[in-house]
Amino acid sequence: MDQDMRNMRNIGISAHIDAGKTTLTERILYYTQRIHAVHEVKGKDGVGATMDSMELERERGITISSAATYCRWKGHRINIIDTPGHVDFTIEVERALRVLDGSVLVLCAVGGVQSQSFTVDRQMTRYKVPRLAFINKCDRAGANPYRVVDQLRQRLNHNAVLMQIPVGLEADFSGVIDLVSMKAVSFQGLYGEKVVIDDIPPHSLAEANAKREELLEAASMFSDELMEAIFEDRVTEELIDGAIRKGTLVRQLTPVFIGSAYKNVGVQALLDGVTKYLPSPPEVENVALDLDHESGRVILSPDPALPLVALAFKLEVTPYGQLTYLRVYQGSLRKGDDIYNTRNRKKIKVGRLVRMHANEMEDIQEAAAGDILAIFGVDCFSGDTFTDGRVNYAMTSMLVPDPVVSLAVKPRDTKAGGQMAKALGRFVKEDPTFRTFVDPESGETIISGMGELHLEIYVERMKREFEAEVETGMPQVAYREAISQRAEFNYTHKKQTGGAGQYGRVSGFMEPSETEAFEFVNQIKGGVIPTEYIPALEKGFHSCLEKGLLLEYPVLGMKVTINDGNYHPVDSSELAFRQAAVGAFRQAYLNAKPVILEPIMKVSVECPSDFQGNVMGSISQRRGMIVSSAEDGVFTTIDAEVPLSEMFGYATTLRSLTQGKAEFTMEFSRYARVPDSMAEDFKKKHADKKKGGKK
Amino acid sequence: MIMEFTQRSPLRILLGSPEKGLGPGNLGALIARAGVGKTACLIHIAFDKILQNGKIVHVSLQDGPDKISSYYNVILAELVKALGLKEERETRTLMEKNRMILAYLNQSFDLRRLRENLKNLSEKTAFRAGTLIVDGLDFAKAGPETFEAFKTLAKEYEAEIWFSVLSHRHIAEVNERGIPYPCHEVDHFFSVIVQLQPATAGIQMKLLKDHGRPLKDEDTVILDPGTFLAVAL
């Protein structure tokens, strides 16, 4: 096994949808001889690109799940994670970035920096991932890589520098001029597998020289040696490469490659760039939390001899059981080893260790720090950390956004019910942004996730993979009731039905409490109600909170004070006082002027600053209150408070308002009174419903 | 609460002013060295407006919204305590309704963006502020054209704009009108200039300019360093 970690690269390929990243990955696998035929994403041969492993993805022509794959290029081992481009699946991108050391940002030479480029790039910045850019589709009509480089600089704030210039463009695009070696490179053979190096055509020389000057100027900022060499006219390829690598690793320089994966141009040169400029595992600092020492930060060392620390970053169901993708950060892992899941301290024996190539796999005996691999038959969640038991570390938890959209799902029949439960259990393990629960109020199964498409895909997967036919509906917002003023009660519960009677009198008052909790204050003096009956009174009042008398929503924030009462030595009982409390609640509740409350969400929208007005308008239209707006370069973050009931469909609205360039997070903030007009509507609907029920 | 507060608000220094305050379309400056309490004092000015149901935009050029927001919360809690107020919840609601924070991080501030943001607020959310608090503008670098533009903005929105101005111990430059660095070359743009200085009795708030009226010795207010409420009138 090649143990030279310096020759290892863990890279991701990220882009907005349709930039061609799947085709690019396919070509990389072809040139690195991992596959021996080329298919297209929407291939006429009906096979589909190798990285699109799921049937659904093939059908829709988009990549949903990231698949890890492994290849070798000129003595380097490269693990590639193909990542999805749609904003609804960004957890896949985020996970990929968490385990990667470097990334390739694929941009379309025609479309340029657009839609998810913003999101994906920001995610890469968040995880401090050094990147290269690849401007794809230079063969398309309207292709202009120079414009895309300008956009990278202006719109994404990258110090982008062209490593190549095109030979021809659009239909005439035939190769590139390498500005480091100052040679023309063309790609010949059926699939461009033969790289031919020539002198620069005379008509391109002046442009090549000018662009090389720009490259040298940018690179020399990271190397005094290169700067001196430029002055002394003794620049070498090694000096340029060294300076560019330095700038890339500190994320202050983005080398830009150009090509057309579909037309088989420029992919090998990009692979050279990956090996030359992106970091190897030892060059990236990874941190774990030491759970034995108050979760202190520990810097991991990619030393195979040290205790094992590995992160499960992706799960997949296969016909052979659960496949768990792992990134080893420290130590090594052998077939037959015992490893421990930090979350539950469960010991697991490593049965089969495989290196993945999309849906195909290669058995291996051992994996060391820096490697990405998969293991079989391990029951765990995505995001779990594994060790060999010598340390109790957890990898810094991955940033998992909270779900923003919920949907009620109902199985069509009993069989589907069982299958649906199985499917949901699986999805929850696979995808931390996908959640499910049974609403205790409506009894419906609610699924929630990052967007409507995200949930739609899961509903389809239930159908296809688990044969669970489900119906979907709109979820219900969890409304509440609360009283708005103080009201007195004085209630006697008296019942004489033969035998022992029931008697209990309680008086006092109810008022709104400062918190959302229920408060019970006992001011009974002189034993007018014996102490033994007080808990029954409290329980009685508490039980009434489950269903308010206004619209039958649960009641929040009530303080009940009891200060007088009466009892009977024979007829009083716990039951009698409990009933007295229920009666007292009914007596006073409507006098306390109950109001309807709705959940208010704290919403944070990140968008390019140009869209600030649109976003503010969309929040305002949703009865939202904007709290603040913070600009940071080209991006603006708008914080607001918006009623949950107004947020359904917001992901879609936001996407269309901002050309898909904005993203938002949402979390529960508090309950607030619904506007009077809405409350009246609710009351009317409730009354109609009750009337209908009685008929 | 409004009555109790306005009687002890730092803005009572302008009670003798012909306009009884800074006034719409005008610029005001609050000069102090680092750590004396410019931001706290500006937030008190903001509260003075908020409690009278006026809308304010707090423009921060250094700190993010979270920090500014918690600053307001701390000051509100102090006010409630110091003035013995019972309507904290209502006051908080009033504050949230009438205050907007616009932050420009990492030197991203430019007037064109501010103008655009104010326009968006006004047109898209019907939030039209009568007061702007601009905290963190570097007066040493901002030229006359910046203040000219702010003046135009103030007139256009019929708003008053208060600035925090950082002065330095080692630069004692003062112009012939008694206005210190770094306001000394742009003081003609400002209708009101106030200086904050630590004093033995608390923090001294001294009027250096008030709409051109001649100033008197009593144009000074001593503020409690803990609450920034006026202690000596």
# chains A, B, ... in the order shown; residues from 1 in each chain; ligands from 1
$ interface_residues --of "chain B" --to "chain A" --cutoff "12 Å" --atoms "only C-alpha atoms" --output "PyMOL selection string"
chain B and resi 56-69+88-89+93+95-110+112-127
$ write_last_selection --atoms "C-alpha atoms" --output "PDB file, in the first residue's frame"
ATOM      1  CA  ILE B  56     -34.420  54.706  14.680  1.00  0.00           C
ATOM      2  CA  VAL B  57     -31.834  52.960  12.539  1.00  0.00           C
ATOM      3  CA  HIS B  58     -28.652  52.005  14.339  1.00  0.00           C
ATOM      4  CA  VAL B  59     -25.854  51.850  11.781  1.00  0.00           C
ATOM      5  CA  SER B  60     -22.876  49.915  13.112  1.00  0.00           C
ATOM      6  CA  LEU B  61     -19.602  49.946  11.230  1.00  0.00           C
ATOM      7  CA  GLN B  62     -17.734  47.702  13.618  1.00  0.00           C
ATOM      8  CA  ASP B  63     -19.934  45.337  15.604  1.00  0.00           C
ATOM      9  CA  GLY B  64     -22.435  42.817  14.308  1.00  0.00           C
ATOM     10  CA  PRO B  65     -26.181  42.979  15.065  1.00  0.00           C
ATOM     11  CA  ASP B  66     -25.960  40.457  17.903  1.00  0.00           C
ATOM     12  CA  LYS B  67     -23.526  42.590  19.846  1.00  0.00           C
ATOM     13  CA  ILE B  68     -25.472  45.780  19.256  1.00  0.00           C
ATOM     14  CA  SER B  69     -28.707  44.078  20.171  1.00  0.00           C
ATOM     15  CA  GLU B  88     -40.241  46.090  30.902  1.00  0.00           C
ATOM     16  CA  ARG B  89     -42.069  43.783  28.510  1.00  0.00           C
ATOM     17  CA  THR B  93     -41.715  45.328  22.484  1.00  0.00           C
ATOM     18  CA  MET B  95     -37.799  48.800  21.274  1.00  0.00           C
ATOM     19  CA  GLU B  96     -38.049  45.817  18.930  1.00  0.00           C
ATOM     20  CA  LYS B  97     -40.729  47.520  16.879  1.00  0.00           C
ATOM     21  CA  ASN B  98     -38.958  50.857  16.532  1.00  0.00           C
ATOM     22  CA  ARG B  99     -35.321  49.850  16.169  1.00  0.00           C
ATOM     23  CA  MET B 100     -33.488  48.548  13.144  1.00  0.00           C
ATOM     24  CA  ILE B 101     -29.857  47.551  13.143  1.00  0.00           C
ATOM     25  CA  LEU B 102     -27.843  47.868   9.954  1.00  0.00           C
ATOM     26  CA  ALA B 103     -24.328  46.494  10.310  1.00  0.00           C
ATOM     27  CA  TYR B 104     -21.514  46.864   7.795  1.00  0.00           C
ATOM     28  CA  LEU B 105     -18.779  44.425   8.657  1.00  0.00           C
ATOM     29  CA  ASN B 106     -15.188  44.201   7.496  1.00  0.00           C
ATOM     30  CA  GLN B 107     -14.989  47.721   6.062  1.00  0.00           C
ATOM     31  CA  SER B 108     -17.968  47.041   3.840  1.00  0.00           C
ATOM     32  CA  PHE B 109     -19.654  50.381   4.613  1.00  0.00           C
ATOM     33  CA  ASP B 110     -20.406  52.728   1.813  1.00  0.00           C
ATOM     34  CA  ARG B 112     -24.478  54.157  -1.555  1.00  0.00           C
ATOM     35  CA  ARG B 113     -25.323  50.919   0.236  1.00  0.00           C
ATOM     36  CA  LEU B 114     -26.718  52.743   3.263  1.00  0.00           C
ATOM     37  CA  ARG B 115     -28.922  54.830   1.006  1.00  0.00           C
ATOM     38  CA  GLU B 116     -30.076  51.666  -0.780  1.00  0.00           C
ATOM     39  CA  ASN B 117     -30.764  49.927   2.545  1.00  0.00           C
ATOM     40  CA  LEU B 118     -32.783  52.873   3.867  1.00  0.00           C
ATOM     41  CA  LYS B 119     -34.753  52.931   0.645  1.00  0.00           C
ATOM     42  CA  ASN B 120     -35.448  49.197   0.938  1.00  0.00           C
ATOM     43  CA  LEU B 121     -36.562  49.611   4.536  1.00  0.00           C
ATOM     44  CA  SER B 122     -38.836  52.435   3.652  1.00  0.00           C
ATOM     45  CA  GLU B 123     -40.309  50.957   0.482  1.00  0.00           C
ATOM     46  CA  LYS B 124     -40.380  47.263   1.276  1.00  0.00           C
ATOM     47  CA  THR B 125     -41.124  47.286   4.983  1.00  0.00           C
ATOM     48  CA  ALA B 126     -42.584  50.774   5.623  1.00  0.00           C
ATOM     49  CA  PHE B 127     -39.862  51.408   8.207  1.00  0.00           C
TER      50      PHE B 127
END
$ select_by_dssp --residues "segment 285-426 of chain A" --states "strand (DSSP E)" --output "JSON, numbers by chain"
{"A": [286, 287, 288, 289, 290, 296, 297, 298, 299, 300, 309, 310, 311, 312, 313, 314, 315, 316, 317, 318, 321, 322, 323, 324, 325, 326, 327, 328, 329, 330, 332, 333, 334, 338, 339, 340, 341, 346, 347, 348, 349, 353, 354, 355, 356, 357, 360, 361, 362, 363, 364, 366, 367, 368, 372, 373, 374, 375, 376, 385, 386, 387, 393, 394, 395, 405, 406, 407, 408, 409, 410, 411]}
$ atom_distance --atom1 "atom CA of Leu190 of chain A" --atom2 "atom CA of Leu29 of chain A"
15.5 Å
$ atom_distance --atom1 "atom CA of Asp676 of chain A" --atom2 "atom CA of Ala478 of chain A"
17.7 Å
$ closest_residue --among "B:Asp210, B:Leu14, B:Arg33, B:Ala82" --to "Pro198 of chain B" --atoms "only C-alpha atoms"
B:Arg33
$ atom_distance --atom1 "atom CA of Glu145 of chain B" --atom2 "atom CA of His211 of chain B"
21.0 Å
$ residues_around --residues "Ile529 of chain A" --least-positions-apart "4" --cutoff "7 Å" --atoms "only C-alpha atoms" --output "VMD selection string"
chain A and resid 524 533 565 to 567
